[in-house]
>>> print(open('structure.cif').read())   # mmCIF, C-alpha atoms and all ligand atoms
data_start
#
loop_
_atom_site.label_atom_id
_atom_site.label_comp_id
_atom_site.auth_asym_id
_atom_site.auth_seq_id
_atom_site.Cartn_x
_atom_site.Cartn_y
_atom_site.Cartn_z
CA MET A 1 23.98 -1.82 -19.38
CA SER A 2 26.16 -2.78 -16.41
CA THR A 3 24.63 -4.68 -13.55
CA PHE A 4 25.49 -5.74 -10.01
CA LYS A 5 24.23 -8.45 -7.68
CA THR A 6 22.34 -7.91 -4.43
CA LYS A 7 21.11 -10.27 -1.74
CA ALA A 8 17.35 -10.65 -1.63
CA TYR A 9 14.45 -12.83 -0.54
CA GLY A 10 12.10 -13.94 -3.25
CA ALA A 11 10.09 -16.68 -4.91
CA THR A 12 11.33 -18.77 -7.83
CA GLY A 13 7.89 -19.97 -8.94
CA THR A 14 4.28 -20.29 -7.88
CA PRO A 15 4.33 -21.40 -4.26
CA LEU A 16 2.75 -24.78 -4.51
CA ILE A 17 2.77 -26.82 -1.35
CA GLY A 18 6.00 -26.29 0.57
CA LYS A 19 7.43 -23.68 -1.82
CA LYS A 20 8.29 -20.49 0.04
CA LEU A 21 10.30 -17.31 -0.22
CA GLU A 22 14.00 -18.08 -0.07
CA ALA A 23 17.33 -16.27 0.06
CA MET A 24 18.67 -15.51 -3.43
CA GLU A 25 20.87 -13.13 -5.39
CA VAL A 26 19.33 -10.87 -8.01
CA GLU A 27 20.92 -8.78 -10.72
CA ARG A 28 20.14 -5.08 -10.73
CA GLN A 29 21.05 -2.33 -13.17
CA GLN A 30 23.58 0.25 -12.01
CA PRO A 31 21.90 3.61 -11.32
CA LYS A 32 21.55 5.79 -14.41
CA GLU A 33 22.35 9.52 -14.24
CA ASP A 34 18.91 10.41 -12.82
CA GLU A 35 18.78 7.49 -10.37
CA VAL A 36 20.09 6.68 -6.89
CA LEU A 37 21.32 3.53 -5.19
CA ILE A 38 19.65 2.96 -1.83
CA GLU A 39 20.69 0.68 1.01
CA VAL A 40 17.39 -0.71 2.32
CA MET A 41 16.89 -0.30 6.09
CA TYR A 42 13.23 -1.22 6.57
CA CYS A 43 10.62 -2.78 4.32
CA GLY A 44 6.90 -3.19 5.10
CA VAL A 45 5.01 -6.39 4.29
CA CYS A 46 1.97 -5.51 2.16
CA HIS A 47 -0.82 -7.91 1.22
CA SER A 48 0.07 -7.16 -2.43
CA ASP A 49 3.46 -8.80 -1.83
CA ILE A 50 1.61 -12.05 -1.12
CA HIS A 51 -0.79 -11.64 -4.07
CA GLN A 52 2.21 -11.10 -6.38
CA VAL A 53 4.35 -13.95 -5.07
CA GLU A 54 1.40 -16.34 -5.28
CA ASN A 55 0.51 -15.14 -8.81
CA ASP A 56 -3.05 -14.20 -7.79
CA TRP A 57 -3.12 -11.61 -10.60
CA MET A 58 -1.75 -14.06 -13.20
CA ASN A 59 1.08 -11.68 -14.22
CA THR A 60 4.00 -12.61 -11.96
CA ILE A 61 7.47 -12.81 -13.48
CA TYR A 62 9.76 -15.16 -11.54
CA PRO A 63 12.06 -14.80 -9.73
CA CYS A 64 9.83 -12.37 -7.83
CA VAL A 65 11.27 -10.20 -5.04
CA PRO A 66 8.43 -8.25 -3.38
CA GLY A 67 8.49 -5.17 -1.12
CA HIS A 68 7.17 -1.68 -1.96
CA GLU A 69 7.23 0.06 1.41
CA VAL A 70 10.93 0.89 1.55
CA ILE A 71 12.90 3.15 3.87
CA GLY A 72 16.61 3.39 3.16
CA LYS A 73 19.74 5.47 2.86
CA ILE A 74 21.15 6.84 -0.40
CA ILE A 75 24.66 5.47 -0.85
CA SER A 76 25.37 6.78 -4.34
CA LYS A 77 23.68 8.98 -6.91
CA GLY A 78 23.77 9.64 -10.61
CA SER A 79 25.38 12.79 -12.02
CA SER A 80 22.12 14.68 -12.72
CA VAL A 81 20.50 14.03 -9.31
CA THR A 82 20.08 17.35 -7.49
CA LYS A 83 17.24 17.03 -4.98
CA PHE A 84 18.92 14.35 -2.85
CA LYS A 85 22.43 13.57 -1.69
CA GLU A 86 24.40 10.64 -0.35
CA GLY A 87 23.42 9.85 3.25
CA ASP A 88 19.82 11.08 2.91
CA ILE A 89 17.12 8.81 4.38
CA VAL A 90 14.38 8.42 1.76
CA GLY A 91 11.26 6.41 1.04
CA VAL A 92 10.35 4.36 -2.03
CA GLY A 93 6.74 3.30 -2.53
CA CYS A 94 4.94 1.32 -5.22
CA MET A 95 6.70 2.90 -8.24
CA ILE A 96 10.33 3.68 -9.10
CA ASP A 97 9.89 5.38 -12.49
CA SER A 98 7.45 6.34 -15.26
CA CYS A 99 7.56 8.15 -18.63
CA GLN A 100 7.20 11.49 -16.69
CA THR A 101 5.80 13.21 -19.79
CA CYS A 102 2.32 11.82 -20.54
CA GLU A 103 -0.90 13.51 -19.44
CA ALA A 104 -1.26 11.36 -16.30
CA CYS A 105 2.36 11.98 -15.23
CA GLN A 106 1.95 15.72 -15.85
CA GLU A 107 -1.08 15.62 -13.53
CA ASN A 108 1.05 13.97 -10.78
CA GLU A 109 -0.85 10.71 -11.28
CA GLU A 110 2.10 8.52 -12.28
CA GLN A 111 0.18 5.43 -11.19
CA PHE A 112 -1.91 5.90 -14.36
CA CYS A 113 1.09 6.55 -16.65
CA GLN A 114 0.08 6.14 -20.30
CA GLY A 115 3.67 5.71 -21.52
CA PRO A 116 4.62 2.61 -23.58
CA VAL A 117 5.10 0.37 -20.51
CA GLY A 118 3.06 2.33 -17.95
CA PRO A 119 4.63 3.16 -14.60
CA THR A 120 7.66 1.09 -13.57
CA MET A 121 6.37 -0.69 -10.52
CA THR A 122 8.86 -1.27 -7.70
CA TYR A 123 8.59 -5.02 -8.21
CA ASN A 124 7.34 -7.17 -11.07
CA GLY A 125 7.69 -4.17 -13.38
CA TYR A 126 9.47 -3.54 -16.65
CA PHE A 127 11.93 -0.73 -16.99
CA ARG A 128 11.38 1.83 -19.71
CA PRO A 129 11.25 0.40 -23.26
CA GLU A 130 14.97 0.33 -23.91
CA ASP A 131 15.39 -2.21 -21.09
CA LYS A 132 12.20 -4.10 -21.69
CA LYS A 133 13.44 -7.53 -20.76
CA PHE A 134 14.44 -6.53 -17.23
CA ASN A 135 12.18 -7.46 -14.31
CA THR A 136 12.25 -5.08 -11.30
CA PHE A 137 12.95 -6.40 -7.82
CA GLY A 138 11.46 -4.88 -4.66
CA GLY A 139 12.63 -4.01 -1.18
CA TYR A 140 13.15 -7.47 0.33
CA SER A 141 16.75 -6.85 -0.65
CA THR A 142 19.91 -5.19 0.61
CA HIS A 143 19.72 -2.50 -2.11
CA ILE A 144 17.29 -0.90 -4.52
CA VAL A 145 17.67 1.59 -7.40
CA ALA A 146 15.07 4.32 -8.03
CA ASN A 147 14.60 7.45 -10.12
CA GLU A 148 15.14 10.70 -8.23
CA ALA A 149 11.61 11.89 -9.09
CA PHE A 150 10.17 8.85 -7.29
CA LEU A 151 11.93 9.34 -3.94
CA LEU A 152 10.01 10.53 -0.91
CA SER A 153 11.43 12.79 1.78
CA ILE A 154 10.84 11.48 5.28
CA PRO A 155 9.81 14.24 7.73
CA GLU A 156 12.23 14.31 10.65
CA VAL A 157 9.57 13.79 13.34
CA LEU A 158 8.57 10.39 11.93
CA ASP A 159 10.21 7.33 13.52
CA ILE A 160 11.83 5.69 10.46
CA SER A 161 11.43 2.18 11.89
CA ALA A 162 7.63 2.57 11.70
CA THR A 163 7.23 4.85 8.67
CA ALA A 164 7.51 2.34 5.78
CA PRO A 165 3.79 1.33 5.67
CA ILE A 166 2.78 4.94 4.96
CA LEU A 167 4.35 4.48 1.50
CA CYS A 168 1.62 2.05 0.37
CA ALA A 169 -1.01 1.50 3.10
CA GLY A 170 -0.92 5.20 4.00
CA VAL A 171 -1.26 6.68 0.53
CA THR A 172 -3.75 4.03 -0.61
CA THR A 173 -6.18 5.07 2.15
CA TYR A 174 -5.32 8.78 2.19
CA SER A 175 -5.80 9.26 -1.57
CA PRO A 176 -9.54 8.40 -1.73
CA LEU A 177 -10.35 10.12 1.59
CA HIS A 178 -8.64 13.23 0.28
CA HIS A 179 -10.09 12.97 -3.23
CA TRP A 180 -13.65 12.66 -1.87
CA ASN A 181 -12.95 15.60 0.44
CA VAL A 182 -13.73 13.93 3.78
CA GLN A 183 -14.06 16.55 6.48
CA LYS A 184 -15.28 17.38 9.95
CA GLY A 185 -18.90 16.32 10.43
CA ASP A 186 -18.75 13.41 7.95
CA THR A 187 -19.41 9.88 9.12
CA VAL A 188 -16.86 7.52 7.55
CA GLY A 189 -17.06 3.72 7.69
CA VAL A 190 -13.79 1.82 7.31
CA VAL A 191 -14.33 -1.82 6.36
CA GLY A 192 -11.55 -4.27 7.27
CA ILE A 193 -9.23 -3.30 10.12
CA GLY A 194 -5.91 -4.65 8.87
CA GLY A 195 -2.79 -3.07 7.34
CA LEU A 196 -4.76 -0.64 5.14
CA GLY A 197 -7.85 -0.24 7.32
CA HIS A 198 -5.96 0.73 10.47
CA MET A 199 -4.34 3.59 8.55
CA GLY A 200 -7.77 4.51 7.12
CA VAL A 201 -9.16 4.85 10.64
CA LYS A 202 -6.28 7.04 11.81
CA ILE A 203 -6.29 9.29 8.72
CA ALA A 204 -10.10 9.74 8.57
CA LYS A 205 -10.07 10.60 12.27
CA ALA A 206 -7.32 13.20 11.73
CA MET A 207 -9.45 14.70 8.92
CA GLY A 208 -12.14 15.33 11.56
CA ALA A 209 -14.58 12.58 10.60
CA HIS A 210 -16.73 10.46 12.90
CA VAL A 211 -15.20 7.04 12.20
CA VAL A 212 -17.01 3.70 12.31
CA ALA A 213 -14.68 0.70 12.15
CA ILE A 214 -16.45 -2.21 10.42
CA THR A 215 -15.04 -5.68 11.02
CA THR A 216 -16.23 -9.27 11.00
CA LYS A 217 -14.44 -9.98 14.23
CA GLU A 218 -15.76 -9.07 17.68
CA GLU A 219 -12.21 -9.45 19.05
CA LYS A 220 -11.08 -6.47 16.97
CA ARG A 221 -13.51 -4.13 18.78
CA GLU A 222 -11.07 -2.97 21.48
CA VAL A 223 -8.11 -2.48 19.13
CA ALA A 224 -10.26 -0.54 16.66
CA LEU A 225 -11.35 1.81 19.45
CA ALA A 226 -7.72 2.15 20.54
CA LEU A 227 -6.82 3.22 16.97
CA GLY A 228 -9.26 6.11 17.34
CA ALA A 229 -12.52 4.74 15.90
CA ASP A 230 -15.60 6.34 17.46
CA GLU A 231 -17.72 3.23 16.98
CA VAL A 232 -17.29 -0.39 15.94
CA LEU A 233 -19.79 -2.26 13.78
CA ILE A 234 -19.61 -6.06 13.49
CA SER A 235 -20.55 -6.93 9.90
CA GLU A 236 -21.79 -10.42 10.75
CA ASP A 237 -24.35 -8.95 13.17
CA LYS A 238 -27.30 -8.47 10.79
CA ASP A 239 -29.38 -6.44 13.29
CA ALA A 240 -26.49 -4.07 13.98
CA MET A 241 -25.88 -3.64 10.22
CA GLU A 242 -29.57 -2.90 9.59
CA ALA A 243 -29.63 -0.35 12.39
CA LYS A 244 -26.80 1.53 10.63
CA GLU A 245 -28.38 1.64 7.15
CA LYS A 246 -28.33 5.09 5.50
CA THR A 247 -26.05 6.60 8.18
CA MET A 248 -22.64 6.94 6.50
CA ASN A 249 -21.47 9.64 4.09
CA TYR A 250 -18.50 7.68 2.97
CA ILE A 251 -17.23 4.09 3.19
CA LEU A 252 -13.68 2.91 2.54
CA VAL A 253 -13.47 -0.84 1.88
CA THR A 254 -10.05 -2.44 2.42
CA ILE A 255 -10.97 -6.15 2.28
CA PRO A 256 -8.23 -8.00 0.31
CA ASP A 257 -10.42 -10.89 -0.89
CA ALA A 258 -13.69 -11.30 -2.79
CA PHE A 259 -16.71 -10.09 -0.79
CA ASP A 260 -20.39 -9.15 -1.17
CA ILE A 261 -20.50 -5.37 -1.59
CA ASN A 262 -24.29 -5.02 -1.16
CA PRO A 263 -24.60 -4.93 2.66
CA TYR A 264 -22.04 -2.08 2.71
CA ILE A 265 -23.85 -0.08 0.01
CA CYS A 266 -26.95 -0.08 2.24
CA LEU A 267 -24.96 1.63 5.03
CA LEU A 268 -24.48 4.70 2.79
CA LYS A 269 -26.65 7.74 3.28
CA TRP A 270 -28.27 9.27 0.20
CA ARG A 271 -25.58 10.70 -2.10
CA GLY A 272 -22.97 8.80 -0.09
CA SER A 273 -19.90 7.22 -1.73
CA LEU A 274 -18.27 3.83 -1.27
CA VAL A 275 -14.71 3.23 -2.49
CA THR A 276 -12.85 -0.07 -2.61
CA VAL A 277 -9.04 -0.08 -2.37
CA GLY A 278 -8.24 -3.71 -1.56
CA LEU A 279 -7.14 -5.53 -4.71
CA LEU A 280 -9.82 -8.12 -4.97
CA SER A 281 -10.76 -11.11 -6.95
CA LYS A 282 -14.23 -11.20 -8.54
CA TYR A 283 -17.24 -11.95 -6.38
CA LYS A 284 -19.95 -14.15 -7.79
CA SER A 285 -22.93 -11.95 -6.84
CA ALA A 286 -23.58 -8.71 -8.71
CA THR A 287 -23.83 -5.20 -7.32
CA ASN A 288 -27.45 -4.34 -6.50
CA ASN A 289 -27.82 -1.36 -8.83
CA MET A 290 -31.25 -0.50 -7.45
CA GLU A 291 -29.69 0.14 -4.03
CA VAL A 292 -27.06 2.33 -5.69
CA ALA A 293 -29.50 4.35 -7.82
CA LYS A 294 -32.42 4.84 -5.48
CA TYR A 295 -30.38 6.92 -3.01
CA SER A 296 -28.07 8.50 -5.63
CA ARG A 297 -25.11 6.65 -4.17
CA THR A 298 -21.67 6.36 -5.79
CA VAL A 299 -19.62 3.15 -5.90
CA GLY A 300 -15.98 3.67 -6.85
CA GLY A 301 -12.44 2.42 -6.58
CA SER A 302 -8.98 3.86 -5.94
CA LEU A 303 -5.43 2.73 -6.71
CA ILE A 304 -2.45 3.86 -4.57
CA GLY A 305 -1.64 7.56 -5.29
CA GLY A 306 0.91 9.63 -7.21
CA ILE A 307 4.30 10.69 -5.87
CA LYS A 308 3.12 14.20 -4.94
CA GLU A 309 0.24 12.70 -2.99
CA THR A 310 2.55 10.17 -1.30
CA GLN A 311 4.69 13.08 -0.06
CA GLU A 312 1.49 14.79 1.06
CA VAL A 313 0.44 11.83 3.23
CA LEU A 314 3.92 11.61 4.80
CA ASP A 315 3.65 15.30 5.71
CA PHE A 316 0.05 14.82 6.90
CA CYS A 317 1.14 11.95 9.19
CA ALA A 318 3.99 14.08 10.55
CA LYS A 319 1.61 16.97 11.25
CA HIS A 320 -1.03 14.81 12.95
CA ASN A 321 1.35 12.49 14.83
CA ILE A 322 0.20 9.43 12.91
CA LEU A 323 2.38 6.34 12.65
CA PRO A 324 1.43 2.85 11.46
CA GLU A 325 1.25 0.16 14.16
CA VAL A 326 4.11 -2.16 13.28
CA GLU A 327 5.67 -5.42 14.40
CA MET A 328 9.37 -5.69 13.49
CA ILE A 329 10.59 -9.03 12.10
CA ASP A 330 13.76 -10.66 10.76
CA ILE A 331 13.75 -11.58 7.06
CA LYS A 332 14.17 -15.25 7.97
CA ASN A 333 10.65 -15.18 9.50
CA ILE A 334 9.01 -13.83 6.34
CA ASN A 335 7.15 -17.02 5.39
CA ASP A 336 5.61 -17.20 8.84
CA ALA A 337 4.67 -13.51 8.53
CA PHE A 338 2.95 -14.15 5.17
CA ASP A 339 0.85 -16.90 6.79
CA LYS A 340 -0.13 -14.58 9.62
CA VAL A 341 -1.09 -11.75 7.25
CA LYS A 342 -3.34 -14.19 5.40
CA ASP A 343 -4.90 -15.25 8.72
CA GLU A 344 -5.27 -11.55 9.74
CA ASP A 345 -3.10 -12.37 12.74
CA VAL A 346 -0.94 -9.22 12.70
CA ARG A 347 -1.37 -5.91 14.54
CA PHE A 348 -1.23 -4.25 12.01
CA ARG A 349 1.76 -4.29 9.69
CA TYR A 350 4.95 -6.33 9.68
CA VAL A 351 8.10 -4.37 8.91
CA ILE A 352 11.29 -6.26 8.06
CA ASP A 353 14.47 -5.00 9.69
CA MET A 354 16.63 -5.38 6.59
CA GLN A 355 19.82 -5.48 8.67
CA SER A 356 18.78 -9.11 9.19
CA LEU A 357 19.45 -9.87 5.50
CA LYS A 358 23.04 -8.64 5.77
CA ASN A 359 23.82 -10.72 8.86
ZN ZN B 1 1.12 -2.34 -1.02
ZN ZN B 2 3.59 8.80 -18.01
#
>>> encode(input="structure.cif", output="structure tokens")
Amino acid sequence: MSTFKTKAYGATGTPLIGKKLEAMEVERQQPKEDEVLIEVMYCGVCHSDIHQVENDWMNTIYPCVPGHEVIGKIISKGSSVTKFKEGDIVGVGCMIDSCQTCEACQENEEQFCQGPVGPTMTYNGYFRPEDKKFNTFGGYSTHIVANEAFLLSIPEVLDISATAPILCAGVTTYSPLHHWNVQKGDTVGVVGIGGLGHMGVKIAKAMGAHVVAITTKEEKREVALALGADEVLISEDKDAMEAKEKTMNYILVTIPDAFDINPYICLLKWRGSLVTVGLLSKYKSATNNMEVAKYSRTVGGSLIGGIKETQEVLDFCAKHNILPEVEMIDIKNINDAFDKVKDEDVRFRYVIDMQSLKN
């Protein structure tokens, strides 16, 4: 298998004190016949990038190059690629390949691929079995290789400098709202108004719901209203939370850290559903099952979305004039950006201008 080297930014080991992302070169496989080589133009900064680099899930392979919200240009393609051509602007999200034949893949749910190595994640993933030893490297890089079936078409009306976060934050919030059939007349609570939550507010609003933004921070009230929320609920205000008990049909929780789920369950109306999408660590207190059962409530979870659904959310955003709120940065400022994401000091998603890695 022939390889080539690309410039990237990544981590060489668990970031203990003072250890940060740094410029490096990584070795990638040349595109196979059903793959394309993409020159990365923009890459979003997702909270998962930080979890992975810092080994929060205890599965990181170093060196680790994160980035799974990629917008770029195809610069070469394999001989069997037919849907895309050189020069096309495309998106790459959380996956670059899968077995494409198992039951989950046939159902357009590649994120649940039951093949021998599961889906090939865009970073920290193994290629299909024949190349098992190869780690995948994400979009904090000049180039990336992806299977044709995992490329997203970018609708022309979307501004490509702001589109990247739709590829993870967008589909991660759209998928459960769509799956639970949110519609006009529903009251939807969105917990956590960050990279994911701000997209949740915009998408639920476009689906016709009455949207309640739920945040710990009073200072996020104005920005949440500006995003389109109809109301803002401050979760630390116990009286306000009690006043809203049994009022919401649906709650989308996007908090990226451990949290107590019980106060949010009480906000659900009878037969309401709560879904968590933030990738959390375990919280020490248990779910109050009495609160779940006594009003026939549902507590669930959701993981990204398949490729078909990712295309659907791009088209949905184009139709409803939705774009993520982004702040453009140079790659050299990535460590500072990570700190600010952790401090929730970003409105609402950093996008790296990848030209800055070439310079
Ligand atoms: Zn992500
Ligand atoms: Zn599969």
>>> residues_near_ligand(input="structure.cif", ligand="ligand ZN 2 (chain B)", cutoff="8 Å", atoms="all atoms listed in the file", output="list of chain:residue names")
A:Ser98, A:Cys99, A:Gln100, A:Thr101, A:Cys102, A:Glu103, A:Ala104, A:Cys105, A:Gln106, A:Glu110, A:Phe112, A:Cys113, A:Gln114, A:Gly115, A:Gly118, A:Pro119
>>> closest_atom_pairs(input="structure.cif", of="chain A", to="ligand ZN 1 (chain B)", cutoff="10 Å", atoms="only C-alpha atoms and all ligand atoms", output="JSON lines")
{"residue": "A:Gly44", "atom": "CA", "partner": "B:ZN1", "partner_atom": "ZN", "distance": 8.5}
{"residue": "A:Val45", "atom": "CA", "partner": "B:ZN1", "partner_atom": "ZN", "distance": 7.7}
{"residue": "A:Cys46", "atom": "CA", "partner": "B:ZN1", "partner_atom": "ZN", "distance": 4.6}
{"residue": "A:His47", "atom": "CA", "partner": "B:ZN1", "partner_atom": "ZN", "distance": 6.3}
{"residue": "A:Ser48", "atom": "CA", "partner": "B:ZN1", "partner_atom": "ZN", "distance": 5.1}
{"residue": "A:Asp49", "atom": "CA", "partner": "B:ZN1", "partner_atom": "ZN", "distance": 6.9}
{"residue": "A:Ile50", "atom": "CA", "partner": "B:ZN1", "partner_atom": "ZN", "distance": 9.7}
{"residue": "A:His51", "atom": "CA", "partner": "B:ZN1", "partner_atom": "ZN", "distance": 10.0}
{"residue": "A:Pro66", "atom": "CA", "partner": "B:ZN1", "partner_atom": "ZN", "distance": 9.7}
{"residue": "A:Gly67", "atom": "CA", "partner": "B:ZN1", "partner_atom": "ZN", "distance": 7.9}
{"residue": "A:His68", "atom": "CA", "partner": "B:ZN1", "partner_atom": "ZN", "distance": 6.2}
{"residue": "A:Glu69", "atom": "CA", "partner": "B:ZN1", "partner_atom": "ZN", "distance": 7.0}
{"residue": "A:Gly93", "atom": "CA", "partner": "B:ZN1", "partner_atom": "ZN", "distance": 8.1}
{"residue": "A:Cys94", "atom": "CA", "partner": "B:ZN1", "partner_atom": "ZN", "distance": 6.8}
{"residue": "A:Pro165", "atom": "CA", "partner": "B:ZN1", "partner_atom": "ZN", "distance": 8.1}
{"residue": "A:Ile166", "atom": "CA", "partner": "B:ZN1", "partner_atom": "ZN", "distance": 9.6}
{"residue": "A:Leu167", "atom": "CA", "partner": "B:ZN1", "partner_atom": "ZN", "distance": 8.0}
{"residue": "A:Cys168", "atom": "CA", "partner": "B:ZN1", "partner_atom": "ZN", "distance": 4.6}
{"residue": "A:Ala169", "atom": "CA", "partner": "B:ZN1", "partner_atom": "ZN", "distance": 6.0}
{"residue": "A:Gly170", "atom": "CA", "partner": "B:ZN1", "partner_atom": "ZN", "distance": 9.3}
{"residue": "A:Val171", "atom": "CA", "partner": "B:ZN1", "partner_atom": "ZN", "distance": 9.5}
{"residue": "A:Thr172", "atom": "CA", "partner": "B:ZN1", "partner_atom": "ZN", "distance": 8.0}
{"residue": "A:Gly195", "atom": "CA", "partner": "B:ZN1", "partner_atom": "ZN", "distance": 9.3}
{"residue": "A:Leu196", "atom": "CA", "partner": "B:ZN1", "partner_atom": "ZN", "distance": 8.7}
{"residue": "A:Gly278", "atom": "CA", "partner": "B:ZN1", "partner_atom": "ZN", "distance": 9.5}
{"residue": "A:Leu279", "atom": "CA", "partner": "B:ZN1", "partner_atom": "ZN", "distance": 9.6}
{"residue": "A:Ile304", "atom": "CA", "partner": "B:ZN1", "partner_atom": "ZN", "distance": 8.0}
>>> residues_near_point(input="structure.cif", point="(2.4, 11.6, -0.6)", cutoff="9 Å", atoms="all atoms listed in the file", output="MDAnalysis selection string")
chainID A and resid 152 166:167 170:171 174:175 305:316
>>> closest_residue(input="structure.cif", among="A:Leu151, A:Ile214, A:Phe259, A:Thr6", to="A:Ala240", atoms="only C-alpha atoms")
A:Ile214
>>> atom_distance(input="structure.cif", atom1="atom CA of A:Asn289", atom2="atom CA of A:Asn262")
9.2 Å
>>> residues_around(input="structure.cif", residues="A:Glu219", least_positions_apart="5", cutoff="12 Å", atoms="all atoms listed in the file", output="list in words")
Ile193, Ala224, Leu225, Val232, Leu233, Ile234, Glu344 and Asp345 of chain A
>>> write_last_selection(input="structure.cif", atoms="C-alpha atoms", output="compact mmCIF listing (two decimals), keeping the file's coordinate frame")
# COMPACT_ATOMS: atom_id res chain seq x y z
CA ILE A 193 -9.23 -3.30 10.12
CA ALA A 224 -10.26 -0.54 16.66
CA LEU A 225 -11.35 1.81 19.45
CA VAL A 232 -17.29 -0.39 15.94
CA LEU A 233 -19.79 -2.26 13.78
CA ILE A 234 -19.61 -6.06 13.49
CA GLU A 344 -5.27 -11.55 9.74
CA ASP A 345 -3.10 -12.37 12.74
>>> atom_distance(input="structure.cif", atom1="atom CA of A:Ala162", atom2="atom CA of A:Met328")
8.6 Å
>>> residues_around(input="structure.cif", residues="A:Ala8", least_positions_apart="4", cutoff="6 Å", atoms="all atoms listed in the file", output="list in words")
Ala23, Met24, Glu25, Tyr140 and Ser141 of chain A
>>> atom_distance(input="structure.cif", atom1="atom CA of A:Ile251", atom2="atom CA of A:Val188")
5.6 Å
>>> closest_residue(input="structure.cif", among="A:Arg349, A:Arg297, A:Lys332, A:Lys202", to="A:Glu22", atoms="all atoms listed in the file")
A:Lys332
>>> axis_aligned_box(input="structure.cif", around="stretch 20-34 of chain A", padding_each_side="6 Å", output="lines of an AutoDock Vina configuration file")
center_x = 15.9
center_y = -5.0
center_z = -7.2
size_x = 27.3
size_y = 42.9
size_z = 26.5
>>> closest_residue(input="structure.cif", among="A:Thr276, A:Thr142, A:Gln52, A:Ser285", to="A:Ile75", atoms="all atoms listed in the file")
A:Thr142
>>> residues_around(input="structure.cif", residues="A:Asn135", least_positions_apart="6", cutoff="8 Å", atoms="all atoms listed in the file", output="PyMOL selection string")
chain A and resi 61+123-127
>>> residues_around(input="structure.cif", residues="A:Gly13", least_positions_apart="5", cutoff="10 Å", atoms="all atoms listed in the file", output="list in words")
Lys19, Lys20, Leu21, Val53, Glu54, Asn55, Thr60, Ile61, Tyr62, Pro63 and Cys64 of chain A
>>> residues_around(input="structure.cif", residues="A:Leu268", least_positions_apart="6", cutoff="9 Å", atoms="all atoms listed in the file", output="number ranges by chain")
A: 189, 244-251, 274, 295, 297
>>> residues_near_point(input="structure.cif", point="(-10.4, 10.0, 4.9)", cutoff="8 Å", atoms="only C-alpha atoms", output="MDAnalysis selection string")
chainID A and resid 173:178 180:183 188 200:201 203:205 207 209
>>> decode(input="structure.cif", residues="stretch 163-200 of chain A", atoms="C-alpha atoms", output="mmCIF file, in the first residue's frame")
data_model
loop_
_atom_site.group_PDB
_atom_site.id
_atom_site.type_symbol
_atom_site.label_atom_id
_atom_site.label_comp_id
_atom_site.auth_asym_id
_atom_site.auth_seq_id
_atom_site.Cartn_x
_atom_site.Cartn_y
_atom_site.Cartn_z
ATOM 1 C CA THR A 163 -20.852 25.159 6.643
ATOM 2 C CA ALA A 164 -18.356 22.730 8.261
ATOM 3 C CA PRO A 165 -20.098 22.461 11.682
ATOM 4 C CA ILE A 166 -23.264 21.113 10.021
ATOM 5 C CA LEU A 167 -21.285 17.910 9.330
ATOM 6 C CA CYS A 168 -21.166 16.950 13.023
ATOM 7 C CA ALA A 169 -22.999 19.498 15.218
ATOM 8 C CA GLY A 170 -25.766 19.821 12.616
ATOM 9 C CA VAL A 171 -26.467 16.142 12.017
ATOM 10 C CA THR A 172 -26.030 15.223 15.693
ATOM 11 C CA THR A 173 -28.881 17.567 16.663
ATOM 12 C CA TYR A 174 -30.992 17.106 13.517
ATOM 13 C CA SER A 175 -31.016 13.297 13.715
ATOM 14 C CA PRO A 176 -32.880 12.948 17.054
ATOM 15 C CA LEU A 177 -35.236 15.886 16.351
ATOM 16 C CA HIS A 178 -36.104 14.260 13.041
ATOM 17 C CA HIS A 179 -36.283 10.716 14.443
ATOM 18 C CA TRP A 180 -38.684 11.805 17.219
ATOM 19 C CA ASN A 181 -40.727 13.683 14.620
ATOM 20 C CA VAL A 182 -40.619 17.167 16.174
ATOM 21 C CA GLN A 183 -43.195 19.385 14.536
ATOM 22 C CA LYS A 184 -45.212 22.569 14.727
ATOM 23 C CA GLY A 185 -46.952 22.895 18.085
ATOM 24 C CA ASP A 186 -44.324 20.920 20.047
ATOM 25 C CA THR A 187 -42.424 22.561 22.867
ATOM 26 C CA VAL A 188 -38.742 21.599 22.647
ATOM 27 C CA GLY A 189 -36.162 22.313 25.351
ATOM 28 C CA VAL A 190 -32.525 22.507 24.236
ATOM 29 C CA VAL A 191 -30.096 22.089 27.137
ATOM 30 C CA GLY A 192 -26.623 23.608 26.693
ATOM 31 C CA ILE A 193 -26.256 26.457 24.213
ATOM 32 C CA GLY A 194 -22.840 25.712 22.724
ATOM 33 C CA GLY A 195 -21.627 24.230 19.429
ATOM 34 C CA LEU A 196 -24.324 21.522 19.330
ATOM 35 C CA GLY A 197 -27.054 23.345 21.248
ATOM 36 C CA HIS A 198 -27.033 26.449 19.072
ATOM 37 C CA MET A 199 -27.684 24.251 16.029
ATOM 38 C CA GLY A 200 -30.396 22.416 17.994
#
